[in-house]
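Coordinates from structure22.cif are shown below (mmCIF, C-alpha atoms and all ligand atoms).
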data_entry
loop_
_atom_site.label_atom_id
_atom_site.label_comp_id
_atom_site.auth_asym_id
_atom_site.auth_seq_id
_atom_site.Cartn_x
_atom_site.Cartn_y
_atom_site.Cartn_z
CA MET R 235 129.89 -68.47 8.92
CA LYS R 236 128.91 -67.44 5.44
CA THR R 237 130.85 -68.83 2.53
CA LEU R 238 132.42 -66.28 0.23
CA ASN R 239 129.89 -67.20 -2.41
CA GLU R 240 126.93 -66.53 -0.13
CA ALA R 241 128.45 -63.22 0.91
CA LYS R 242 128.80 -62.23 -2.73
CA GLN R 243 125.18 -63.11 -3.40
CA ASN R 244 124.04 -61.04 -0.43
CA GLU R 245 126.04 -58.13 -1.67
CA LYS R 246 124.36 -58.37 -5.06
CA GLN R 247 120.99 -58.44 -3.27
CA THR R 248 121.73 -55.29 -1.28
CA GLY R 249 122.02 -53.26 -4.46
CA ARG R 250 118.57 -54.40 -5.59
CA TYR R 251 115.26 -52.57 -5.46
CA GLY R 252 111.91 -54.30 -5.96
CA LYS R 253 112.13 -57.44 -8.06
CA ASP R 254 115.33 -56.71 -9.89
CA PHE R 255 116.04 -53.02 -10.39
CA GLY R 256 119.46 -51.63 -9.50
CA GLY R 257 122.50 -53.91 -9.35
CA GLN R 258 126.03 -53.38 -10.65
CA TYR R 259 126.48 -53.59 -14.40
CA ILE R 260 130.00 -52.32 -14.82
CA PRO R 261 133.37 -53.37 -16.26
CA GLU R 262 135.40 -55.71 -14.04
CA THR R 263 138.05 -52.98 -13.54
CA LEU R 264 135.61 -50.94 -11.45
CA MET R 265 134.41 -53.81 -9.22
CA THR R 266 137.22 -53.48 -6.66
CA GLU R 267 136.69 -49.73 -6.48
CA LEU R 268 132.93 -50.11 -5.93
CA GLU R 269 133.64 -52.64 -3.18
CA LYS R 270 135.89 -50.08 -1.45
CA VAL R 271 133.20 -47.41 -1.75
CA THR R 272 130.57 -49.81 -0.38
CA LYS R 273 132.77 -50.68 2.58
CA VAL R 274 133.67 -47.12 3.53
CA PHE R 275 130.01 -46.10 3.24
CA ASN R 276 128.79 -48.99 5.41
CA ASP R 277 131.56 -48.39 7.96
CA LEU R 278 131.01 -44.66 8.24
CA LYS R 279 127.34 -43.87 7.69
CA ASP R 280 126.33 -44.53 11.31
CA ASP R 281 129.68 -43.67 12.85
CA PRO R 282 129.22 -40.82 15.37
CA LYS R 283 132.46 -39.07 14.37
CA PHE R 284 131.57 -39.17 10.68
CA LYS R 285 128.03 -37.97 11.42
CA ALA R 286 129.39 -35.03 13.39
CA GLU R 287 131.79 -34.15 10.57
CA LEU R 288 128.96 -34.28 8.02
CA ASN R 289 126.58 -32.33 10.22
CA ASP R 290 129.13 -29.60 10.82
CA LEU R 291 129.40 -28.95 7.07
CA LEU R 292 125.64 -29.20 6.51
CA VAL R 293 124.95 -26.64 9.24
CA ASN R 294 127.89 -24.27 8.94
CA TYR R 295 128.61 -24.42 5.22
CA ALA R 296 125.40 -25.47 3.44
CA ASN R 297 122.98 -23.52 5.68
CA ARG R 298 120.90 -26.44 6.99
CA PRO R 299 118.33 -27.12 8.23
CA SER R 300 116.42 -25.65 5.30
CA LEU R 301 113.14 -23.93 6.17
CA LEU R 302 109.78 -25.68 6.06
CA TYR R 303 107.73 -22.70 4.95
CA TYR R 304 103.94 -22.46 5.22
CA ALA R 305 102.77 -21.10 1.84
CA LYS R 306 99.76 -19.22 3.13
CA ASN R 307 99.02 -17.29 -0.06
CA MET R 308 99.08 -20.39 -2.25
CA THR R 309 97.03 -22.32 0.29
CA GLU R 310 94.34 -19.63 0.42
CA ASP R 311 94.34 -19.09 -3.33
CA LEU R 312 94.03 -22.81 -4.15
CA GLY R 313 91.41 -23.30 -1.44
CA GLY R 314 92.21 -26.89 -0.42
CA ALA R 315 95.04 -28.67 1.39
CA LYS R 316 97.51 -26.71 3.48
CA ILE R 317 100.78 -26.29 1.55
CA TYR R 318 104.25 -26.35 3.05
CA LEU R 319 107.38 -25.78 0.94
CA LYS R 320 110.67 -27.46 1.85
CA ARG R 321 113.15 -24.79 0.89
CA GLU R 322 116.20 -26.54 -0.61
CA ASP R 323 116.56 -23.43 -2.77
CA LEU R 324 118.00 -21.67 0.29
CA ASN R 325 121.02 -23.99 0.54
CA HIS R 326 124.50 -22.79 -0.40
CA THR R 327 124.84 -23.11 -4.22
CA GLY R 328 121.05 -22.83 -4.48
CA ALA R 329 119.83 -26.43 -4.63
CA HIS R 330 119.66 -29.81 -2.89
CA LYS R 331 122.73 -31.10 -4.76
CA ILE R 332 125.12 -29.78 -2.11
CA ASN R 333 123.75 -32.30 0.49
CA ASN R 334 124.92 -35.25 -1.58
CA VAL R 335 128.19 -33.73 -2.73
CA ILE R 336 129.31 -32.92 0.82
CA GLY R 337 128.60 -36.52 1.88
CA GLN R 338 130.40 -38.14 -1.04
CA ALA R 339 133.39 -35.79 -0.78
CA LEU R 340 133.77 -36.85 2.87
CA LEU R 341 133.68 -40.52 1.82
CA ALA R 342 136.37 -39.71 -0.77
CA LYS R 343 138.50 -38.03 1.89
CA HIS R 344 138.21 -41.06 4.18
CA LEU R 345 139.26 -43.30 1.28
CA GLY R 346 142.38 -41.15 0.94
CA LYS R 347 141.38 -39.79 -2.50
CA LYS R 348 142.69 -36.43 -3.64
CA ARG R 349 140.78 -35.96 -6.87
CA LEU R 350 137.02 -35.68 -7.49
CA ILE R 351 135.47 -36.30 -10.89
CA ALA R 352 131.82 -35.86 -11.85
CA GLU R 353 129.45 -35.66 -14.78
CA THR R 354 127.20 -32.70 -15.26
CA GLY R 355 124.31 -31.83 -17.56
CA ALA R 356 123.38 -28.20 -17.25
CA GLY R 357 126.24 -27.69 -14.82
CA GLN R 358 124.45 -27.72 -11.45
CA HIS R 359 126.11 -30.87 -10.13
CA GLY R 360 129.44 -29.81 -11.63
CA VAL R 361 129.27 -26.49 -9.79
CA ALA R 362 128.36 -28.20 -6.50
CA THR R 363 131.24 -30.69 -6.87
CA ALA R 364 133.71 -27.93 -7.80
CA THR R 365 132.52 -25.99 -4.74
CA ILE R 366 133.28 -28.81 -2.32
CA ALA R 367 136.57 -29.63 -4.04
CA ALA R 368 137.63 -26.02 -3.49
CA LEU R 369 136.53 -26.15 0.13
CA MET R 370 138.39 -29.40 0.82
CA GLY R 371 141.46 -28.58 -1.25
CA MET R 372 140.93 -31.44 -3.71
CA GLU R 373 141.53 -31.57 -7.45
CA CYS R 374 138.34 -31.51 -9.51
CA GLU R 375 137.59 -32.49 -13.11
CA ILE R 376 134.11 -32.27 -14.60
CA PHE R 377 132.86 -34.09 -17.70
CA MET R 378 130.18 -32.27 -19.62
CA GLY R 379 128.67 -32.95 -23.06
CA LYS R 380 130.07 -30.59 -25.69
CA GLU R 381 126.52 -29.50 -26.56
CA ASP R 382 125.96 -28.57 -22.91
CA THR R 383 129.26 -26.67 -22.56
CA ASP R 384 128.15 -24.54 -25.52
CA ARG R 385 124.67 -23.97 -24.05
CA GLN R 386 125.81 -23.34 -20.47
CA LYS R 387 128.90 -21.15 -20.82
CA LEU R 388 128.22 -19.34 -17.56
CA ASN R 389 128.30 -22.56 -15.52
CA VAL R 390 131.48 -23.69 -17.32
CA TYR R 391 133.09 -20.45 -16.25
CA ARG R 392 131.72 -20.84 -12.72
CA MET R 393 133.33 -24.28 -12.38
CA GLU R 394 136.64 -22.91 -13.68
CA LEU R 395 136.39 -20.02 -11.26
CA LEU R 396 136.10 -22.61 -8.46
CA GLY R 397 139.30 -24.25 -9.69
CA ALA R 398 137.84 -27.20 -11.64
CA LYS R 399 138.87 -28.37 -15.09
CA VAL R 400 135.94 -28.91 -17.47
CA HIS R 401 136.25 -31.55 -20.20
CA PRO R 402 133.81 -31.18 -23.13
CA VAL R 403 132.67 -34.71 -24.08
CA THR R 404 132.41 -35.21 -27.85
CA SER R 405 131.20 -38.82 -28.00
CA GLY R 406 127.60 -39.86 -28.79
CA SER R 407 125.15 -37.00 -28.88
CA MET R 408 127.46 -34.94 -26.63
CA VAL R 409 124.93 -34.55 -23.80
CA LEU R 410 124.50 -35.73 -20.18
CA LYS R 411 124.27 -39.48 -20.88
CA ASP R 412 127.57 -39.29 -22.78
CA ALA R 413 129.14 -37.31 -19.93
CA VAL R 414 128.20 -40.12 -17.47
CA ASN R 415 129.86 -42.68 -19.76
CA ALA R 416 132.99 -40.55 -20.05
CA THR R 417 133.20 -40.12 -16.26
CA LEU R 418 132.81 -43.87 -15.67
CA GLN R 419 135.59 -44.50 -18.23
CA GLU R 420 137.85 -41.95 -16.58
CA TRP R 421 137.26 -43.60 -13.20
CA ALA R 422 138.04 -47.04 -14.62
CA SER R 423 141.32 -45.76 -16.05
CA ARG R 424 142.40 -43.83 -12.95
CA SER R 425 140.90 -44.89 -9.64
CA GLU R 426 143.96 -44.91 -7.31
CA ASP R 427 143.55 -41.27 -6.33
CA THR R 428 140.10 -40.53 -7.78
CA PHE R 429 136.50 -40.64 -6.52
CA TYR R 430 133.47 -40.40 -8.82
CA VAL R 431 130.91 -38.11 -7.17
CA MET R 432 127.64 -39.41 -8.67
CA GLY R 433 125.16 -36.59 -9.26
CA SER R 434 121.83 -38.34 -8.72
CA ALA R 435 120.30 -41.48 -7.20
CA VAL R 436 121.44 -43.49 -10.23
CA GLY R 437 124.38 -45.62 -11.40
CA PRO R 438 125.71 -48.94 -10.11
CA ALA R 439 125.21 -49.96 -6.45
CA PRO R 440 126.07 -48.56 -3.96
CA PHE R 441 125.54 -45.10 -5.52
CA PRO R 442 121.72 -45.04 -5.44
CA ALA R 443 121.86 -45.96 -1.73
CA ILE R 444 124.62 -43.44 -0.96
CA VAL R 445 122.82 -40.58 -2.68
CA LYS R 446 119.55 -41.50 -0.95
CA HIS R 447 121.31 -41.58 2.42
CA PHE R 448 122.80 -38.11 2.04
CA GLN R 449 119.62 -36.59 0.55
CA SER R 450 117.35 -38.15 3.19
CA VAL R 451 118.23 -35.20 5.42
CA ILE R 452 115.41 -33.45 3.50
CA SER R 453 112.67 -35.77 4.79
CA LYS R 454 114.22 -36.23 8.24
CA GLU R 455 114.05 -32.47 8.71
CA SER R 456 110.62 -31.96 7.15
CA LYS R 457 109.12 -34.68 9.34
CA GLN R 458 110.42 -33.05 12.53
CA GLN R 459 109.55 -29.54 11.37
CA LEU R 460 105.98 -30.49 10.49
CA GLN R 461 105.66 -32.38 13.76
CA SER R 462 106.50 -29.22 15.70
CA LYS R 463 104.26 -26.98 13.54
CA GLU R 464 101.24 -29.27 13.11
CA GLY R 465 101.86 -32.22 15.41
CA ARG R 466 101.41 -34.75 12.64
CA LEU R 467 102.55 -36.34 9.39
CA PRO R 468 101.75 -34.78 6.01
CA ASP R 469 99.11 -36.42 3.81
CA MET R 470 101.23 -36.02 0.70
CA VAL R 471 104.84 -35.34 -0.25
CA VAL R 472 105.55 -34.00 -3.74
CA ALA R 473 108.94 -33.62 -5.47
CA CYS R 474 110.25 -33.41 -9.04
CA VAL R 475 112.16 -36.35 -10.54
CA GLY R 476 115.12 -36.17 -12.91
CA GLY R 477 117.43 -38.98 -11.83
CA GLY R 478 115.48 -38.85 -8.60
CA SER R 479 117.81 -37.60 -5.85
CA ASN R 480 115.75 -34.75 -4.39
CA ALA R 481 112.63 -36.92 -4.65
CA ILE R 482 114.12 -39.99 -2.95
CA GLY R 483 115.53 -37.71 -0.24
CA SER R 484 112.13 -36.06 0.18
CA PHE R 485 110.39 -39.48 0.38
CA ALA R 486 112.96 -41.48 2.39
CA ASP R 487 111.73 -40.93 5.95
CA TYR R 488 108.06 -41.40 4.92
CA ILE R 489 108.35 -44.62 2.90
CA ASP R 490 107.36 -46.68 5.96
CA ASP R 491 104.44 -44.38 6.81
CA PRO R 492 101.64 -45.79 4.62
CA SER R 493 99.30 -42.84 5.29
CA VAL R 494 101.68 -40.48 3.49
CA LYS R 495 101.12 -40.39 -0.26
CA LEU R 496 104.34 -39.97 -2.24
CA VAL R 497 104.21 -38.26 -5.62
CA GLY R 498 107.15 -37.88 -8.01
CA VAL R 499 106.71 -35.38 -10.82
CA GLU R 500 108.43 -36.08 -14.12
CA ALA R 501 109.02 -33.67 -16.98
CA ALA R 502 106.46 -34.38 -19.69
CA GLY R 503 108.08 -31.79 -21.99
CA LYS R 504 105.72 -31.16 -24.91
CA GLY R 505 103.48 -34.00 -23.61
CA VAL R 506 103.95 -37.63 -22.51
CA ASP R 507 102.47 -38.81 -25.82
CA THR R 508 104.99 -36.89 -27.92
CA ASP R 509 108.64 -37.65 -28.78
CA ARG R 510 109.68 -34.50 -26.91
CA THR R 511 109.39 -35.76 -23.32
CA ALA R 512 111.49 -36.94 -20.38
CA ALA R 513 108.71 -38.83 -18.51
CA THR R 514 110.80 -41.96 -18.04
CA ILE R 515 108.61 -43.85 -15.57
CA GLU R 516 105.47 -43.25 -17.59
CA ARG R 517 107.02 -43.91 -21.00
CA GLY R 518 110.24 -45.88 -20.41
CA THR R 519 110.98 -49.61 -20.52
CA VAL R 520 113.29 -51.86 -18.51
CA GLY R 521 116.90 -51.76 -19.61
CA ILE R 522 120.52 -51.64 -18.45
CA PHE R 523 122.53 -48.44 -18.77
CA HIS R 524 124.96 -46.40 -16.67
CA GLY R 525 125.69 -49.45 -14.51
CA MET R 526 122.11 -50.10 -13.35
CA LYS R 527 118.95 -51.92 -14.32
CA SER R 528 116.07 -49.45 -14.40
CA LEU R 529 113.56 -47.76 -16.68
CA PHE R 530 114.94 -45.91 -19.70
CA MET R 531 113.72 -44.07 -22.74
CA GLN R 532 115.02 -46.38 -25.45
CA ASN R 533 114.14 -47.85 -28.81
CA ASP R 534 113.39 -51.55 -29.45
CA ASP R 535 117.11 -52.29 -29.87
CA GLY R 536 117.92 -50.81 -26.46
CA GLN R 537 119.48 -47.65 -27.94
CA ILE R 538 118.89 -44.73 -25.58
CA ASP R 539 116.48 -42.20 -27.10
CA PRO R 540 117.05 -38.47 -26.86
CA VAL R 541 114.89 -36.89 -24.16
CA TYR R 542 113.55 -33.38 -23.90
CA SER R 543 112.34 -30.98 -21.22
CA ILE R 544 112.46 -27.23 -20.79
CA SER R 545 114.34 -27.92 -17.55
CA ALA R 546 117.91 -29.10 -18.07
CA GLY R 547 117.92 -30.78 -14.63
CA LEU R 548 115.09 -33.19 -15.52
CA ASP R 549 116.49 -34.02 -18.95
CA TYR R 550 117.83 -37.52 -18.16
CA PRO R 551 116.81 -40.65 -20.16
CA GLY R 552 116.66 -42.91 -17.09
CA VAL R 553 115.55 -42.84 -13.47
CA GLY R 554 117.00 -44.12 -10.20
CA PRO R 555 116.26 -47.84 -9.59
CA GLU R 556 114.46 -47.25 -6.29
CA HIS R 557 111.92 -45.01 -8.05
CA ALA R 558 111.37 -47.71 -10.67
CA ALA R 559 110.66 -50.13 -7.79
CA LEU R 560 108.44 -47.69 -5.83
CA ALA R 561 106.41 -47.18 -9.01
CA GLN R 562 106.18 -50.93 -9.67
CA GLU R 563 105.09 -51.63 -6.09
CA GLY R 564 102.63 -48.73 -6.19
CA ARG R 565 104.17 -47.17 -3.07
CA ALA R 566 104.80 -43.93 -4.94
CA GLN R 567 102.87 -42.42 -7.80
CA TYR R 568 104.56 -40.65 -10.73
CA VAL R 569 102.87 -37.98 -12.83
CA GLY R 570 103.93 -35.84 -15.79
CA ILE R 571 103.88 -32.04 -16.00
CA THR R 572 104.44 -30.28 -19.34
CA ASP R 573 106.75 -27.34 -20.14
CA ASP R 574 103.75 -25.02 -20.37
CA GLU R 575 102.40 -26.09 -16.98
CA ALA R 576 105.83 -25.71 -15.35
CA VAL R 577 106.34 -22.24 -16.80
CA GLN R 578 102.89 -21.23 -15.54
CA ALA R 579 103.87 -22.49 -12.06
CA PHE R 580 107.18 -20.57 -12.28
CA GLU R 581 105.15 -17.36 -12.65
CA TYR R 582 102.49 -18.42 -10.15
CA ILE R 583 104.80 -19.11 -7.20
CA ALA R 584 106.78 -15.94 -7.92
CA ARG R 585 103.62 -13.78 -7.78
CA GLU R 586 101.91 -15.62 -4.91
CA GLU R 587 104.82 -16.25 -2.59
CA GLY R 588 107.63 -14.02 -3.83
CA ILE R 589 109.80 -17.06 -4.57
CA VAL R 590 111.62 -17.52 -7.87
CA ALA R 591 111.98 -21.32 -7.88
CA ALA R 592 113.99 -23.53 -10.25
CA ILE R 593 112.02 -24.61 -13.32
CA GLU R 594 112.68 -28.24 -12.23
CA SER R 595 110.99 -27.57 -8.86
CA CYS R 596 108.12 -25.79 -10.63
CA HIS R 597 107.08 -29.15 -12.10
CA ALA R 598 106.27 -30.19 -8.51
CA VAL R 599 104.58 -26.85 -7.83
CA ALA R 600 102.38 -27.26 -10.93
CA TYR R 601 101.18 -30.63 -9.62
CA VAL R 602 100.41 -29.08 -6.22
CA GLU R 603 98.31 -26.46 -8.02
CA LYS R 604 96.28 -29.26 -9.58
CA ILE R 605 95.87 -31.52 -6.55
CA ALA R 606 95.56 -29.12 -3.58
CA PRO R 607 92.09 -27.81 -4.56
CA LYS R 608 90.82 -31.42 -4.68
CA MET R 609 91.96 -32.09 -1.12
CA SER R 610 90.30 -30.91 2.07
CA LYS R 611 91.43 -28.00 4.23
CA ASP R 612 92.53 -30.27 7.06
CA GLN R 613 94.99 -32.11 4.80
CA ILE R 614 98.65 -31.18 4.39
CA ILE R 615 101.02 -31.29 1.40
CA VAL R 616 104.80 -30.94 1.72
CA CYS R 617 106.32 -29.90 -1.62
CA THR R 618 110.10 -29.81 -2.10
CA LEU R 619 111.53 -26.74 -3.82
CA SER R 620 114.72 -28.41 -5.07
CA GLY R 621 116.42 -25.21 -6.15
CA ARG R 622 116.23 -21.50 -6.84
CA GLY R 623 115.27 -20.11 -10.20
CA ASP R 624 117.73 -17.28 -10.87
CA LYS R 625 119.42 -19.54 -13.43
CA ASP R 626 116.14 -19.88 -15.35
CA VAL R 627 114.94 -16.29 -15.53
CA ALA R 628 116.53 -15.51 -18.92
CA SER R 629 115.36 -18.71 -20.61
CA ILE R 630 111.80 -18.43 -19.28
CA ALA R 631 111.65 -14.82 -20.49
CA LYS R 632 112.72 -16.09 -23.93
CA TYR R 633 110.12 -18.90 -23.79
CA LYS R 634 107.50 -16.23 -23.11
CA GLY R 635 108.77 -14.17 -26.03
CA VAL R 636 110.20 -11.42 -23.85
CA ASP R 637 113.31 -9.80 -25.28
CA ILE R 638 115.87 -9.13 -22.54
CA ASP R 639 119.48 -8.14 -22.89
CA GLU R 640 121.81 -10.49 -21.07
C1 LIG M 701 119.61 -31.48 -10.70
C2 LIG M 701 118.35 -30.88 -10.27
C3 LIG M 701 117.14 -31.61 -10.24
C4 LIG M 701 117.00 -33.01 -10.74
O1 LIG M 701 117.80 -33.96 -10.13
P1 LIG M 701 117.23 -35.07 -9.12
O2 LIG M 701 118.41 -35.97 -8.97
O3 LIG M 701 116.07 -35.72 -9.78
O4 LIG M 701 116.87 -34.37 -7.88
C5 LIG M 701 116.00 -30.98 -9.75
N1 LIG M 701 116.03 -29.70 -9.33
C6 LIG M 701 117.16 -28.97 -9.34
C7 LIG M 701 117.11 -27.57 -8.85
C8 LIG M 701 118.37 -29.53 -9.80
O5 LIG M 701 119.48 -28.79 -9.81
#

What is this structure when it is put down as structure tokens?
Ligand SMILES: *Cc1c(COP(=O)(O)O)cnc(C)c1O
Amino acid sequence: MKTLNEAKQNEKQTGRYGKDFGGQYIPETLMTELEKVTKVFNDLKDDPKFKAELNDLLVNYANRPSLLYYAKNMTEDLGGAKIYLKREDLNHTGAHKINNVIGQALLAKHLGKKRLIAETGAGQHGVATATIAALMGMECEIFMGKEDTDRQKLNVYRMELLGAKVHPVTSGSMVLKDAVNATLQEWASRSEDTFYVMGSAVGPAPFPAIVKHFQSVISKESKQQLQSKEGRLPDMVVACVGGGSNAIGSFADYIDDPSVKLVGVEAAGKGVDTDRTAATIERGTVGIFHGMKSLFMQNDDGQIDPVYSISAGLDYPGVGPEHAALAQEGRAQYVGITDDEAVQAFEYIAREEGIVAAIESCHAVAYVEKIAPKMSKDQIIVCTLSGRGDKDVASIAKYKGVDIDE
């Protein structure tokens, strides 16, 4: 039998990625709560009844499986590898975020919680959480930087429409990183009836593992779908990386297939060599923030630097610990795409394929445009479209200098 001490050490190890990324760097008050979350997740994730409950919502509410679409026009135009798009933009609420939120809300329900709290940046994760709270009849409170509530009034209203209460966060620079801190604080002060629905593959263990588990439906499906269409594995999987949830979900089922190249695309903003960037893996350094050890954009004193990207969803100063490890081990490669390149891809995929994709996803598309022509016609790329781009049309028009009345 293991001594309590050994068990504790094992538990610490399970939240680790690579040499020492991940972990649990949180106030003592949250330890007991994280242990409960870890236990319910481990007990339920392979439980047939829980899996059926999850699958029912994924199929009948979220519209899964999402299509694996052969992008014939792009393939022919680029003249190299065959391109398939994994269409997370077709999910209910228009992005991959719903996969994770459904899973975590079910965990919350099984823990007997009645209230969901979450951080949000541009509002995408807040809207997804408010959606599920409405569906399940739970209370919902969303923490959002004051700057972001001013910039994203429509999403604030959307969350309120869904019955959520939105708290503008006025600490720090009043953006996403401050909203995460505020949500962690709220959870520490009221955990009896409350579950923190983490929005990306970040935060203290077990959240990165939980988010990966619920997003891995993306790669489980794409693997099967490609098998039935082409009878083989892809040569490359490409996905954009903010905190890293759609990317880790897109990679998950291929990590143990060494022939499949995994590419995460970060937002380079105005360029990775400028101060206006969010390319955390390329530019960041090891630090501890938001309960985890990972790579962060920070100054020499460990103060988190402001980050920038045209896409609000990629505008996070850190990255999930498993991505930091995959980069360190060389299992996945991470590249930067600038605002200009992403906007060009936004227009390109709209004209070629008739798909208005999220500006976040267009970072991945822009990389596919670069790499596909260098690959041969018998190779295959699977690119994840993490979300739809209706939300971006007005701001891209403005970026292009087009005057439209909203
Ligand atoms: C939130 C979001 C992202 C970035 O988040 P990840 O956790 O890195 O996936 C990417 N695309 C869309 C459409 C989003 O809403």

Residues of chain R at most 7 Å from ligand LIG 701 (chain M): nearest atom pair and distance in Å, only C-alpha atoms and all ligand atoms, as a tab-separated table:
residue	atom	partner	partner_atom	distance
R:Ala329	CA	M:LIG701	C7	5.1
R:His330	CA	M:LIG701	C7	6.9
R:Lys331	CA	M:LIG701	O5	6.4
R:Gln358	CA	M:LIG701	O5	5.3
R:His359	CA	M:LIG701	C1	6.6
R:Gly433	CA	M:LIG701	O2	6.8
R:Ser434	CA	M:LIG701	O2	4.2
R:Ala435	CA	M:LIG701	O2	6.1
R:Cys474	CA	M:LIG701	C5	6.3
R:Val475	CA	M:LIG701	O3	4.0
R:Gly476	CA	M:LIG701	O3	3.3
R:Gly477	CA	M:LIG701	O3	4.1
R:Gly478	CA	M:LIG701	O3	3.4
R:Ser479	CA	M:LIG701	O2	3.6
R:Asn480	CA	M:LIG701	O4	3.7
R:Ala481	CA	M:LIG701	O4	5.9
R:Gly547	CA	M:LIG701	C1	4.3
R:Leu548	CA	M:LIG701	C4	5.2
R:Ala592	CA	M:LIG701	C7	5.3
R:Glu594	CA	M:LIG701	N1	4.7
R:Ser595	CA	M:LIG701	N1	5.5
R:Ser620	CA	M:LIG701	C7	4.6
R:Gly621	CA	M:LIG701	C7	3.7
R:Arg622	CA	M:LIG701	C7	6.5

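Non-sequential neighbours of Glu394 (chain R) (distance at most 12 Å, separation of 6 or more positions within a chain, all atoms listed in the file) are Gly357, Gly360, Val361, Thr363, Ala364, Thr365, Ala367, Ala368, Glu373, Cys374, Glu375, Ile376, Lys387, Leu388, Val400 and His401 of chain R.
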
When you count all atoms listed in the file, which of these residues is closest to Tyr568 (chain R): R:Ser545, R:Thr514, R:Thr263, R:Thr618? R:Thr514

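Using all atoms listed in the file, the shortest contact distance between Ile260 (chain R) and any of R:Gly635, R:Pro438, R:Gly355, R:Gly397 is found at R:Pro438.
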
Determine, using all atoms listed in the file, which residues of region 414-467 of chain R have any atom at most 12 Å from an atom of region 278-283 of chain R, and tabulate each with its shortest atom pair and distance in Å to one decimal place, rows ordered by chain and then rising number, as JSON lines.
{"residue": "R:Ala443", "atom": "CA", "partner": "R:Lys279", "partner_atom": "CA", "distance": 11.1}
{"residue": "R:Ile444", "atom": "CA", "partner": "R:Lys279", "partner_atom": "CA", "distance": 9.1}
{"residue": "R:Val445", "atom": "CA", "partner": "R:Lys279", "partner_atom": "CA", "distance": 11.8}
{"residue": "R:Lys446", "atom": "CA", "partner": "R:Lys279", "partner_atom": "CA", "distance": 11.9}
{"residue": "R:His447", "atom": "CA", "partner": "R:Lys279", "partner_atom": "CA", "distance": 8.3}
{"residue": "R:Phe448", "atom": "CA", "partner": "R:Lys279", "partner_atom": "CA", "distance": 9.3}
